[in-house]
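Chemist: Got a file for you: input-v5.cif, mmCIF, C-alpha atoms.
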data_model
loop_
_atom_site.label_atom_id
_atom_site.label_comp_id
_atom_site.auth_asym_id
_atom_site.auth_seq_id
_atom_site.Cartn_x
_atom_site.Cartn_y
_atom_site.Cartn_z
CA MET A 1 86.36 79.68 103.10
CA ALA A 2 83.48 78.26 101.07
CA ARG A 3 81.12 80.98 102.31
CA ALA A 4 83.66 83.70 101.48
CA LYS A 5 84.19 82.25 98.00
CA GLY A 6 80.41 82.05 97.61
CA GLY A 7 80.00 85.78 98.18
CA ASP A 8 79.20 85.93 101.92
CA GLU A 9 80.60 89.35 102.82
CA THR A 10 80.81 88.62 106.56
CA ALA A 11 82.80 85.42 105.95
CA TYR A 12 84.98 87.26 103.43
CA ASP A 13 85.76 90.05 105.92
CA ALA A 14 86.46 87.50 108.66
CA LEU A 15 88.87 85.59 106.41
CA PHE A 16 90.90 88.71 105.71
CA ALA A 17 90.71 89.82 109.35
CA LEU A 18 92.16 86.50 110.52
CA ALA A 19 95.21 87.00 108.31
CA ALA A 20 95.75 90.69 109.12
CA ASP A 21 98.20 90.45 112.03
CA ARG A 22 100.35 87.87 110.27
CA ALA A 23 100.29 89.90 107.04
CA ARG A 24 101.35 93.08 108.85
CA LEU A 25 104.16 91.25 110.65
CA PHE A 26 105.30 89.66 107.39
CA VAL A 27 105.47 93.11 105.75
CA ARG A 28 107.51 94.51 108.65
CA LEU A 29 109.91 91.59 108.50
CA ARG A 30 110.18 91.44 104.74
CA LEU A 31 110.73 95.14 104.14
CA GLY A 32 114.03 95.10 105.97
CA PRO A 33 115.42 98.14 107.77
CA LYS A 34 116.32 100.25 104.71
CA LEU A 35 113.06 99.92 102.81
CA ARG A 36 111.02 100.20 106.02
CA LYS A 37 112.35 103.77 106.37
CA LYS A 38 110.93 104.68 102.97
CA VAL A 39 107.68 102.69 102.88
CA ASP A 40 104.76 102.62 105.30
CA VAL A 41 103.85 99.11 106.45
CA ASP A 42 100.12 99.84 106.41
CA ASP A 43 100.34 101.14 102.84
CA VAL A 44 101.89 97.85 101.75
CA VAL A 45 99.26 95.83 103.63
CA GLN A 46 96.43 97.86 102.13
CA ASP A 47 97.87 97.57 98.61
CA ALA A 48 98.25 93.81 99.08
CA TYR A 49 94.70 93.49 100.41
CA LEU A 50 93.40 95.46 97.46
CA GLU A 51 95.26 93.15 95.06
CA ALA A 52 93.97 90.11 96.96
CA HIS A 53 90.45 91.50 96.75
CA LYS A 54 90.76 91.91 92.98
CA SER A 55 92.16 88.43 92.45
CA PHE A 56 90.21 86.56 95.15
CA GLY A 57 88.36 84.62 92.44
CA THR A 58 91.65 83.00 91.42
CA PHE A 59 92.52 81.82 94.95
CA ARG A 60 92.37 78.05 95.35
CA TYR A 61 92.05 76.58 98.82
CA GLN A 62 94.77 73.99 99.41
CA GLY A 63 94.44 73.28 103.11
CA ASP A 64 95.09 75.13 106.33
CA GLY A 65 97.22 78.19 105.89
CA SER A 66 96.83 78.34 102.12
CA PHE A 67 95.05 81.70 102.25
CA THR A 68 97.79 83.28 104.36
CA ARG A 69 100.49 81.80 102.10
CA TRP A 70 98.68 83.21 99.06
CA LEU A 71 98.41 86.61 100.74
CA CYS A 72 102.11 86.56 101.68
CA ARG A 73 103.00 85.88 98.04
CA ILE A 74 100.97 88.91 96.99
CA ILE A 75 102.79 90.95 99.65
CA GLU A 76 106.14 89.60 98.46
CA ASN A 77 105.39 90.70 94.90
CA ARG A 78 104.32 94.14 96.13
CA ILE A 79 107.51 94.55 98.16
CA ARG A 80 109.66 93.51 95.20
CA GLY A 81 107.97 96.20 93.15
CA LEU A 82 108.55 98.75 95.90
CA ALA A 83 112.20 97.77 96.24
CA ASP A 84 112.65 98.25 92.49
CA HIS A 85 110.80 101.57 92.42
CA HIS A 86 111.05 102.92 95.96
CA GLY A 87 111.59 106.40 94.61
CA ALA A 88 108.44 106.35 92.50
CA GLN A 89 105.44 108.54 93.25
CA LYS A 90 102.98 107.03 95.73
CA ARG A 91 99.68 106.01 94.23
CA GLU A 92 96.41 107.48 95.40
CA PRO A 93 94.31 104.82 97.08
CA PRO A 94 91.45 103.65 94.86
CA ALA A 95 87.83 103.71 95.93
CA ALA A 96 87.96 100.00 96.78
CA MET A 97 90.22 100.94 99.70
CA GLU A 98 87.08 101.59 101.76
CA ARG A 99 86.46 97.83 102.00
CA VAL A 100 90.04 97.29 103.19
CA SER A 101 89.52 99.95 105.86
CA ARG A 102 86.41 98.16 107.12
CA ILE A 103 88.43 94.98 107.46
CA GLU A 104 91.17 96.86 109.32
CA HIS A 105 88.61 98.24 111.78
CA ARG A 106 87.19 94.77 112.33
CA VAL A 107 90.66 93.43 113.11
CA ALA A 108 91.30 96.26 115.56
CA ALA A 109 87.98 95.62 117.29
CA ALA A 110 88.69 91.89 117.62
CA ARG A 111 92.03 92.34 119.35
CA THR A 112 92.45 91.40 122.96
CA GLY A 113 93.06 93.68 125.92
CA PRO A 114 95.77 96.30 126.36
CA GLN A 115 98.22 94.07 128.23
CA THR A 116 98.14 91.42 125.51
CA ALA A 117 98.48 94.09 122.84
CA VAL A 118 101.57 95.54 124.56
CA LEU A 119 103.11 92.10 124.96
CA ARG A 120 102.47 91.24 121.29
CA GLY A 121 103.91 94.58 120.26
CA GLU A 122 107.07 93.97 122.29
CA GLN A 123 107.43 90.46 120.88
CA SER A 124 106.93 91.73 117.34
CA ALA A 125 109.50 94.47 117.87
CA ARG A 126 112.06 91.93 119.14
CA LEU A 127 111.34 89.62 116.22
CA ILE A 128 111.66 92.45 113.69
CA ALA A 129 114.96 93.60 115.21
CA ALA A 130 116.31 90.04 115.22
CA VAL A 131 115.26 89.36 111.62
CA ASP A 132 116.78 92.70 110.59
CA ALA A 133 120.08 91.53 112.06
CA LEU A 134 120.14 88.47 109.78
CA ALA A 135 122.00 88.59 106.49
CA ASP A 136 119.72 89.26 103.52
CA GLU A 137 119.97 85.68 102.26
CA GLU A 138 119.18 84.29 105.71
CA ARG A 139 116.20 86.64 106.13
CA ASP A 140 114.84 85.69 102.71
CA ALA A 141 115.15 81.96 103.42
CA VAL A 142 113.51 82.25 106.85
CA LEU A 143 110.59 84.28 105.50
CA LEU A 144 110.09 81.97 102.54
CA ARG A 145 110.07 78.93 104.82
CA PHE A 146 108.12 80.15 107.83
CA PHE A 147 105.79 82.78 106.39
CA GLN A 148 105.17 81.46 102.91
CA ASP A 149 105.50 77.78 103.88
CA ARG A 150 107.71 77.12 100.88
CA THR A 151 109.41 73.74 100.70
CA ILE A 152 113.18 73.36 100.78
CA ASP A 153 113.14 72.53 97.06
CA GLN A 154 111.04 75.61 96.24
CA ILE A 155 113.38 77.84 98.23
CA ALA A 156 116.37 76.26 96.50
CA ASP A 157 114.85 77.08 93.10
CA LEU A 158 113.99 80.64 94.14
CA ILE A 159 117.40 81.54 95.55
CA GLY A 160 119.51 79.44 93.19
CA LYS A 161 121.04 77.04 95.71
CA SER A 162 120.91 73.30 96.21
CA PRO A 163 118.40 71.88 98.69
CA SER A 164 121.23 70.84 101.03
CA ALA A 165 122.66 74.37 100.92
CA VAL A 166 119.20 75.74 101.78
CA ARG A 167 118.94 73.34 104.75
CA ARG A 168 122.30 74.54 106.04
CA LEU A 169 121.33 78.17 105.44
CA LEU A 170 118.04 77.73 107.31
CA GLY A 171 119.82 75.91 110.13
CA ARG A 172 122.33 78.74 110.56
CA ALA A 173 119.62 81.38 110.23
CA THR A 174 117.27 79.82 112.77
CA ARG A 175 120.08 79.26 115.29
CA ARG A 176 121.19 82.86 114.85
CA LEU A 177 117.63 84.12 115.05
CA GLY A 178 117.04 82.14 118.25
CA ALA A 179 120.23 83.52 119.81
CA LEU A 180 119.28 87.07 118.83
CA LEU A 181 115.79 86.68 120.30
CA LEU A 182 117.20 85.34 123.56
CA GLU A 183 119.70 88.17 123.68
CA ARG A 184 116.99 90.80 123.13
CA ALA A 185 114.66 89.19 125.68
CA SER A 186 117.13 89.86 128.50
#
Could you write out this file's structure as C-alpha coordinates?
Modeler:
Amino acid sequence: MARAKGGDETAYDALFALAADRARLFVRLRLGPKLRKKVDVDDVVQDAYLEAHKSFGTFRYQGDGSFTRWLCRIIENRIRGLADHHGAQKREPPAAMERVSRIEHRVAAARTGPQTAVLRGEQSARLIAAVDALADEERDAVLLRFFQDRTIDQIADLIGKSPSAVRRLLGRATRRLGALLLERAS
(Lines of atoms letter the chains of each structure in order from A and count residues from 1; the text may use other names and numbers.)
(Lines give C-alpha, C1' and ligand atoms only; values in the text may rest on other atoms or scores of the structure.)
Protein backbone atom coordinates (compact mmCIF):
# COMPACT_ATOMS: atom_id res chain seq x y z
CA MET A 1 0.00 0.00 0.00
CA ALA A 2 2.74 2.44 0.97
CA ARG A 3 4.63 1.77 -2.27
CA ALA A 4 1.46 2.27 -4.34
CA LYS A 5 0.69 5.52 -2.51
CA GLY A 6 4.31 6.56 -3.07
CA GLY A 7 3.99 6.26 -6.83
CA ASP A 8 5.34 2.74 -7.46
CA GLU A 9 3.40 1.76 -10.59
CA THR A 10 3.97 -1.98 -10.15
CA ALA A 11 2.64 -1.89 -6.58
CA TYR A 12 -0.27 0.29 -7.71
CA ASP A 13 -1.21 -2.16 -10.48
CA ALA A 14 -0.88 -5.11 -8.08
CA LEU A 15 -3.16 -3.42 -5.54
CA PHE A 16 -5.90 -2.94 -8.10
CA ALA A 17 -5.36 -6.42 -9.54
CA LEU A 18 -5.85 -8.00 -6.10
CA ALA A 19 -9.26 -6.35 -5.77
CA ALA A 20 -10.44 -7.06 -9.32
CA ASP A 21 -12.27 -10.37 -8.84
CA ARG A 22 -14.07 -9.15 -5.73
CA ALA A 23 -14.98 -5.86 -7.45
CA ARG A 24 -16.39 -7.68 -10.48
CA LEU A 25 -18.41 -10.03 -8.28
CA PHE A 26 -19.69 -7.11 -6.22
CA VAL A 27 -20.87 -5.36 -9.40
CA ARG A 28 -22.66 -8.51 -10.60
CA LEU A 29 -24.36 -8.93 -7.25
CA ARG A 30 -25.21 -5.28 -6.73
CA LEU A 31 -26.64 -4.61 -10.17
CA GLY A 32 -29.51 -7.00 -9.61
CA PRO A 33 -31.21 -8.87 -12.44
CA LYS A 34 -33.03 -5.93 -14.05
CA LEU A 35 -30.14 -3.49 -14.24
CA ARG A 36 -27.71 -6.27 -15.21
CA LYS A 37 -29.71 -6.68 -18.45
CA LYS A 38 -29.08 -3.03 -19.33
CA VAL A 39 -25.54 -2.47 -18.05
CA ASP A 40 -22.33 -4.33 -18.79
CA VAL A 41 -20.50 -5.46 -15.64
CA ASP A 42 -17.07 -4.73 -17.12
CA ASP A 43 -18.15 -1.19 -18.04
CA VAL A 44 -19.11 -0.56 -14.42
CA VAL A 45 -15.83 -2.04 -13.15
CA GLN A 46 -13.79 0.05 -15.58
CA ASP A 47 -15.69 3.23 -14.70
CA ALA A 48 -15.17 2.52 -11.00
CA TYR A 49 -11.47 1.82 -11.53
CA LEU A 50 -11.13 5.05 -13.46
CA GLU A 51 -12.81 6.97 -10.63
CA ALA A 52 -10.59 5.18 -8.09
CA HIS A 53 -7.54 6.09 -10.15
CA LYS A 54 -8.55 9.75 -10.16
CA SER A 55 -9.23 9.86 -6.43
CA PHE A 56 -6.50 7.46 -5.24
CA GLY A 57 -4.75 10.35 -3.50
CA THR A 58 -7.73 10.70 -1.15
CA PHE A 59 -7.73 7.01 -0.13
CA ARG A 60 -6.70 6.46 3.48
CA TYR A 61 -5.51 3.04 4.56
CA GLN A 62 -7.47 1.84 7.58
CA GLY A 63 -6.39 -1.77 7.90
CA ASP A 64 -6.90 -4.96 5.95
CA GLY A 65 -9.67 -4.76 3.44
CA SER A 66 -9.95 -0.97 3.53
CA PHE A 67 -8.94 -0.62 -0.12
CA THR A 68 -11.58 -3.10 -1.28
CA ARG A 69 -14.22 -1.44 0.91
CA TRP A 70 -13.29 1.94 -0.58
CA LEU A 71 -13.49 0.51 -4.09
CA CYS A 72 -16.88 -1.08 -3.36
CA ARG A 73 -18.19 2.30 -2.21
CA ILE A 74 -17.07 3.84 -5.48
CA ILE A 75 -18.82 1.01 -7.33
CA GLU A 76 -21.95 1.51 -5.22
CA ASN A 77 -22.05 5.20 -6.15
CA ARG A 78 -21.56 4.35 -9.82
CA ILE A 79 -24.39 1.81 -9.74
CA ARG A 80 -26.72 4.29 -8.03
CA GLY A 81 -26.02 6.73 -10.83
CA LEU A 82 -26.67 4.05 -13.43
CA ALA A 83 -29.91 3.02 -11.76
CA ASP A 84 -31.07 6.65 -11.81
CA HIS A 85 -30.02 7.21 -15.42
CA HIS A 86 -29.97 3.74 -16.99
CA GLY A 87 -31.46 5.14 -20.16
CA ALA A 88 -28.77 7.78 -20.57
CA GLN A 89 -26.23 7.68 -23.38
CA LYS A 90 -23.13 5.61 -22.64
CA ARG A 91 -19.98 7.62 -22.18
CA GLU A 92 -16.96 7.12 -24.39
CA PRO A 93 -14.09 5.72 -22.36
CA PRO A 94 -11.45 8.36 -21.62
CA ALA A 95 -7.80 7.95 -22.52
CA ALA A 96 -6.98 6.91 -18.95
CA MET A 97 -8.88 3.69 -19.64
CA GLU A 98 -5.66 2.25 -21.10
CA ARG A 99 -4.22 1.95 -17.59
CA VAL A 100 -7.34 0.11 -16.42
CA SER A 101 -6.99 -2.29 -19.35
CA ARG A 102 -3.40 -3.06 -18.35
CA ILE A 103 -4.59 -3.92 -14.87
CA GLU A 104 -7.34 -6.14 -16.30
CA HIS A 105 -4.77 -8.03 -18.38
CA ARG A 106 -2.56 -8.49 -15.34
CA VAL A 107 -5.48 -9.93 -13.39
CA ALA A 108 -6.31 -12.32 -16.22
CA ALA A 109 -2.69 -13.46 -16.42
CA ALA A 110 -2.52 -14.10 -12.67
CA ARG A 111 -5.55 -16.37 -12.57
CA THR A 112 -5.15 -20.03 -11.88
CA GLY A 113 -5.75 -22.94 -14.23
CA PRO A 114 -8.85 -23.73 -16.26
CA GLN A 115 -10.42 -26.11 -13.75
CA THR A 116 -10.22 -23.56 -10.95
CA ALA A 117 -11.56 -20.86 -13.26
CA VAL A 118 -14.56 -23.03 -14.19
CA LEU A 119 -15.24 -23.86 -10.55
CA ARG A 120 -15.03 -20.19 -9.53
CA GLY A 121 -17.31 -19.27 -12.40
CA GLU A 122 -19.89 -21.85 -11.33
CA GLN A 123 -19.70 -20.70 -7.72
CA SER A 124 -20.08 -17.07 -8.75
CA ALA A 125 -23.06 -17.92 -10.95
CA ARG A 126 -24.77 -19.75 -8.05
CA LEU A 127 -24.05 -16.86 -5.70
CA ILE A 128 -25.39 -14.30 -8.17
CA ALA A 129 -28.57 -16.33 -8.75
CA ALA A 130 -29.08 -16.74 -5.00
CA VAL A 131 -28.52 -13.06 -4.25
CA ASP A 132 -30.87 -12.15 -7.11
CA ALA A 133 -33.56 -14.24 -5.41
CA LEU A 134 -33.33 -12.16 -2.22
CA ALA A 135 -35.68 -9.25 -1.68
CA ASP A 136 -34.11 -5.90 -2.54
CA GLU A 137 -33.79 -4.87 1.11
CA GLU A 138 -32.16 -8.20 2.01
CA ARG A 139 -29.74 -7.96 -0.93
CA ASP A 140 -28.78 -4.40 0.01
CA ALA A 141 -28.16 -5.34 3.65
CA VAL A 142 -26.07 -8.41 2.73
CA LEU A 143 -23.93 -6.46 0.27
CA LEU A 144 -23.43 -3.57 2.68
CA ARG A 145 -22.38 -5.96 5.44
CA PHE A 146 -20.28 -8.51 3.59
CA PHE A 147 -18.83 -6.55 0.68
CA GLN A 148 -18.53 -3.09 2.13
CA ASP A 149 -17.89 -4.27 5.71
CA ARG A 150 -20.36 -1.76 7.06
CA THR A 151 -21.29 -2.05 10.72
CA ILE A 152 -24.83 -2.81 11.85
CA ASP A 153 -25.22 0.81 12.97
CA GLN A 154 -24.00 2.14 9.62
CA ILE A 155 -26.41 -0.12 7.75
CA ALA A 156 -29.22 0.97 10.04
CA ASP A 157 -28.50 4.62 9.22
CA LEU A 158 -28.27 3.92 5.49
CA ILE A 159 -31.52 1.98 5.19
CA GLY A 160 -33.48 3.81 7.88
CA LYS A 161 -34.02 0.95 10.31
CA SER A 162 -33.01 0.30 13.89
CA PRO A 163 -29.87 -1.76 14.55
CA SER A 164 -31.98 -4.62 15.94
CA ALA A 165 -34.15 -4.59 12.80
CA VAL A 166 -30.98 -4.75 10.69
CA ARG A 167 -29.72 -7.74 12.71
CA ARG A 168 -33.00 -9.55 12.12
CA LEU A 169 -32.95 -8.61 8.43
CA LEU A 170 -29.38 -9.89 8.04
CA GLY A 171 -30.24 -13.07 9.93
CA ARG A 172 -33.19 -13.80 7.64
CA ALA A 173 -31.21 -12.86 4.55
CA THR A 174 -28.20 -15.01 5.36
CA ARG A 175 -30.37 -18.01 6.27
CA ARG A 176 -32.29 -17.60 3.03
CA LEU A 177 -29.10 -17.11 1.05
CA GLY A 178 -27.59 -20.24 2.59
CA ALA A 179 -30.69 -22.27 1.76
CA LEU A 180 -30.71 -20.97 -1.81
CA LEU A 181 -27.03 -21.82 -2.26
CA LEU A 182 -27.56 -25.33 -0.95
CA GLU A 183 -30.56 -25.76 -3.21
CA ARG A 184 -28.61 -24.61 -6.28
CA ALA A 185 -25.60 -26.78 -5.41
CA SER A 186 -27.66 -29.95 -5.79
Chemist: Could you expand the PyMOL selection byres ((chain A and resi 39-55) around 7) into the explicit residues it covers here, written as an mmCIF file with C-alpha atoms, keeping the file's coordinate frame?
Modeler:
data_model
loop_
_atom_site.group_PDB
_atom_site.id
_atom_site.type_symbol
_atom_site.label_atom_id
_atom_site.label_comp_id
_atom_site.auth_asym_id
_atom_site.auth_seq_id
_atom_site.Cartn_x
_atom_site.Cartn_y
_atom_site.Cartn_z
ATOM 1 C CA ALA A 23 100.290 89.900 107.040
ATOM 2 C CA ARG A 24 101.350 93.080 108.850
ATOM 3 C CA VAL A 27 105.470 93.110 105.750
ATOM 4 C CA ARG A 28 107.510 94.510 108.650
ATOM 5 C CA LEU A 35 113.060 99.920 102.810
ATOM 6 C CA ARG A 36 111.020 100.200 106.020
ATOM 7 C CA LYS A 37 112.350 103.770 106.370
ATOM 8 C CA LYS A 38 110.930 104.680 102.970
ATOM 9 C CA PHE A 56 90.210 86.560 95.150
ATOM 10 C CA GLY A 57 88.360 84.620 92.440
ATOM 11 C CA THR A 58 91.650 83.000 91.420
ATOM 12 C CA LEU A 71 98.410 86.610 100.740
ATOM 13 C CA ILE A 74 100.970 88.910 96.990
ATOM 14 C CA ILE A 75 102.790 90.950 99.650
ATOM 15 C CA ARG A 78 104.320 94.140 96.130
ATOM 16 C CA MET A 97 90.220 100.940 99.700
ATOM 17 C CA VAL A 100 90.040 97.290 103.190
#
Chemist: Could you write out as a ChimeraX atom specification the residues that the PyMOL selection byres ((chain A and resi 150) around 12) matches in the shown file?
Modeler: /A:65-66,69-70,72-73,140-149,151-159,166
Chemist: Need the neighbours of (90.1, 83.2, 105.4): which residues are at most 6 Å away, counting only C-alpha atoms, as a ChimeraX atom specification?
Modeler: /A:1,15-16
Chemist: For the residues in that selection, give me C-alpha atoms as a PDB file, in the coordinates of the input.
Modeler:
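again_13.pdb, written as the output of this step:
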ATOM      1  CA  MET A   1      86.360  79.680 103.100  1.00  0.00           C
ATOM      2  CA  LEU A  15      88.870  85.590 106.410  1.00  0.00           C
ATOM      3  CA  PHE A  16      90.900  88.710 105.710  1.00  0.00           C
TER       4      PHE A  16
END
Chemist: Record the distance separating CA of Leu170 (chain A) and CA of Asp132 (chain A), expressed in Å with one decimal.
Modeler: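 So the answer is 15.4 Å.
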Chemist: Written as a PyMOL selection string, what is the full residue list that the PyMOL selection byres ((chain A and resi 2) around 12) yields on the file shown?
Modeler: chain A and resi 1+3-9+11-12+15+57+59-61
Chemist: Mind giving me the straight-line distance from CA of Arg184 (chain A) to CA of Ala130 (chain A) in Å, one decimal?
Modeler: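 Interatomic distance here is 8.0 Å.
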Chemist: Enter the distance from CA of Leu180 (chain A) to CA of Asp136 (chain A), in Å, rounded to one decimal.
Modeler: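 Computing it gives 15.5 Å between the two atoms.
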